[in-house]
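What follows is a set of notes on a single structure, which appears directly below.
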Amino acid sequence: MKKEKIPIIILILISLPFVKANAQQTHFSFIGAVWGTSLNPVEAEPGDLNVPLTISVQYFGYYVATSIHAELVVSNEFSNAIDENEPKAVAVNIAPNSIFTLTYYLNIAPNASVGKYILPLRIMWNTTWEYNMIEEINVTLNLKGKVKLNFQSENLYLESGKFNDVAIIVKNYGTGEAKNLNINIGGPAQTIILENSKTVDKLEPNSEISFRIKVFVAANLANQPISLALTGNYKDPYSNLKSFTQNIGFIVKPIKAAEFRIATKETYLKVGEVNTVRISVENFGDTTLNNITIGITSSPPLNLIESDGKIFLGTLKVNERLDTSLKLYVTPTSQTTSTLTLTITYYDTAGNLKSENRYVTFLLNATTKVSPISIKVNPTTLIAGKINSIEITLTNERTTIVKDVSVTFSFTTSQITWLTPDIFQTEKILPGESIVIKAKAYNPPTSITSTILQAIVKYYDESGTFYQESRNIGMLSQGIIELKTVDIATLPEQPAPGQIFSATITITNVGTIAASSVTAVPQLPEGFRMFGSKSVFIGDVQVNTPTTFTLSIQALNRTKPQTYQIPIIITYYDNLRNQHNMTLNLTINIQEKNITQTTTSRPNNIYLTSWTLPTILGIVLFVIGYIIGKRFKK
């Protein structure tokens with residue numbers, strides 16, 4: 001009996017798994033779904049293409065699933081990125097009670113809504129004991145969008161040497177929400193950022209927040225571009241930790257230049273007296289000047305008294321003016337102007353120490369100290385190419401004596417050479433007395449048209465005060481022009497009455513400068529007339545350069561044969577635009593016409609020369625007189 005039961009027991013044990021399998025409700029369970037992979041999660045939003053989707057599923061079968069084919073039944077918001085059919089994924093050799101993943105690549109429709117989607121997952125599998133099994137489970141898919149951060153600033157320009165209030169704007173223009181946003185701000189060297197970190201709890205899609213920071217920029221970064229680096233992290237809508245880095249560029253403004261003026265109301269200073277001068281510093285710019293100090297530098301004849309030359313003015317704000325006073329003593333001098341140097345030091349808005357030199361010029365009121373010596377020069381025009389004699393007259397125009405007078409002369413133009421005297425000295429010049437200095441100077445041929453004769457006059461007045469004066473006398477330089485006739489040629493050589501002839505004349509300039517605008521005008525006597533223009537423009541005649549011009553003249557029929565002198569007036573200008581004239585004579589020999597008789601084919605015609613008719617008339621009168629005479633004799 002026991003032996004008969006053994007096969008039945010074995011059969012029951014073999015069929016027991018099949019009975020349990022038929023009684024089991026599900027073999028698979030949905031664990032979770034992430035966009036991307038578990039090691040590399042990504043964000044997804046409507047409009048994305050070929051986005052990986054990883055679904056985790058747990059297998060509860062009793063036997064190893066040798067092959068699993070899982071088909072994701074998608075809605076209209078999703079499509080397969082690989083082919084047109086439903087997205088498919090496979091898995092092999094999945095042990096019971098283990099979790100495996102299925103990866104799909106999906107296109108998300110642009111019009112898909114952000115939210116939760118439940119999609120069927122149809123699973124077909126085979127085990128070591130079973131084949132062609134099918135089961136469908138639901139998959140929960142969350143489409144939460146993407147976070148897209150952008151950082152920008154309301155400020156484009158920063159000012160150097162100070163703290164700048166900078167507004168930073170954080171904008172999320174994505175479709176997903178950012179949480180736990182940590183922002184760190186860093187700057188380049190020579191910048192300081194106060195409160196360089198910010199925390200934002202959340203930043204919803206298409207929203208923005210702003211915060212302000214203080215940024216100090218060093219003065220030496222002026223007029224340069226700089227950038228602030230914003231780094232940090234946040235949690236995306238799928239609770240993945242993401243990091244970001246972005247730079248915001250700025251331009252550091254150049255340091256504003258200080259704009260101020262220094263002025264004084266005193267125009268004239270009295271010579272030989274102490275003058276009170278009020279100096280004002282006015283700030284007409286848009287920056288404050290701090291710790292202003294003025295250093296005064298005076299030179300003779302100005303002398304600063306009752307001061308060490310250092311004046312502290314303090315701070316000068318925009319559109320403010322500060323005044324200070326100086327006392328200047330002006331020593332006796334012949335100068336008409338004198339300049340005071342003011343060195344201004346201050347700190348600009350960037351804290352840089354700046355220094356500038358400003359100059360204030362005064363007119364010296366020397367009406368009571370007019371020079372007693374007048375200087376006259378004769379002549380005032382020097383001839384180029386020769387040694388010129390010059391008379392210089394010194395006259396004491398005052399009613400007091402001047403003593404120990406010395407005068408040195410020189411030309412400001414190095415071309416002209418002063419010859420004698422080297423220095424003129426005289427013990428004294430009485431009131432109203434004149435002293436003549438005989439001088440010589442060489443003016444070379446290539447000298448310019450004008451020069452300055454400079455006279456340095458030194459003397460003492462009757463009280464023993466020394467004076468030194470510089471006098472400048474303008475002089476002209478006139479070049480030498482000397483035109484010579486080189487050759488005269490006439491064609492024909494001896495013209496006849498009624499004939500046109502030409503006279504070719506060659507002239508040259510043996511002077512030292514060119515003759516300008518040279519013109520030839522013939523002064524024709526009776527019996528001649530110009531053939532063509534009445535004058536000939538020759539142009540400039542350079543030195544030692546032969547120049548030729550031609551005159552065309554007609555001798556009239558009534559011109560008597562003889563020798564004529566035709567004056568030709570040559571007009572030209574020198575380097576001082578003075579007009580000069582010279583006359584050259586053109587000698588012309590007019591010869592008698594040659595007598596020539598000709599006959600033609602008409603014998604009845606008689607051609608008479610100019611002397612034939614008078615001869616015939618004389619013969620006729622002789623015959624008539626002879627006949628009348630014979631009658632009276634009878």
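Going through the structure tokens in order, the chains are called A, B, and so on, while each chain numbers its residues from 1 and the ligands are numbered from 1 in the order shown.
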
DSSP on the backbone, then: every residue of range 304-518 of chain A marked strand (DSSP E or B), written as number ranges by chain.
A: 304-305, 310-316, 321-330, 337-347, 353-365, 373-378, 381-383, 386-396, 402-411, 417-420, 424-429, 434-443, 450-460, 466-478, 483-491, 500-509, 515-518

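Contact shell of Ala89 in chain A at 12 Å (only C-alpha atoms; same-chain neighbours under 4 positions omitted): Pro52, Leu53, Thr54, Ile55, Ser56, Ser67, Ile68, His69, Ala70, Glu71, Leu72, Val73, Asn80, Ile82, Phe100, Thr101, Leu102, Thr103, Tyr104, Tyr105, Leu121, Arg122, Ile123, Met124 and Trp125 of chain A.
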
Do you know which residues are at most 7 Å from Leu394 in chain A counting only C-alpha atoms, after dropping those on the same chain fewer than 6 positions away, and could you put them as a short mmCIF file (atom, residue, chain, number, x, y, z; two decimals) with N, CA and C atoms, in the first residue's frame?
```cif
data_model
loop_
_atom_site.label_atom_id
_atom_site.label_comp_id
_atom_site.auth_asym_id
_atom_site.auth_seq_id
_atom_site.Cartn_x
_atom_site.Cartn_y
_atom_site.Cartn_z
N ILE A 373 65.28 155.06 -22.31
CA ILE A 373 66.10 154.97 -23.52
C ILE A 373 65.24 154.55 -24.70
N SER A 374 65.27 155.34 -25.74
CA SER A 374 64.62 154.97 -27.00
C SER A 374 65.70 154.59 -28.00
N ILE A 375 65.35 153.67 -28.90
CA ILE A 375 66.29 153.16 -29.89
C ILE A 375 65.71 153.35 -31.28
N LYS A 376 66.50 153.96 -32.16
CA LYS A 376 66.11 154.12 -33.56
C LYS A 376 67.19 153.52 -34.45
N SER A 434 71.51 162.21 -27.29
CA SER A 434 71.46 161.10 -28.24
C SER A 434 72.88 160.65 -28.55
N ILE A 435 73.07 159.37 -28.63
CA ILE A 435 74.36 158.77 -28.97
C ILE A 435 74.15 157.86 -30.16
N VAL A 436 75.01 158.03 -31.18
CA VAL A 436 74.90 157.24 -32.41
C VAL A 436 75.95 156.14 -32.39
#
```
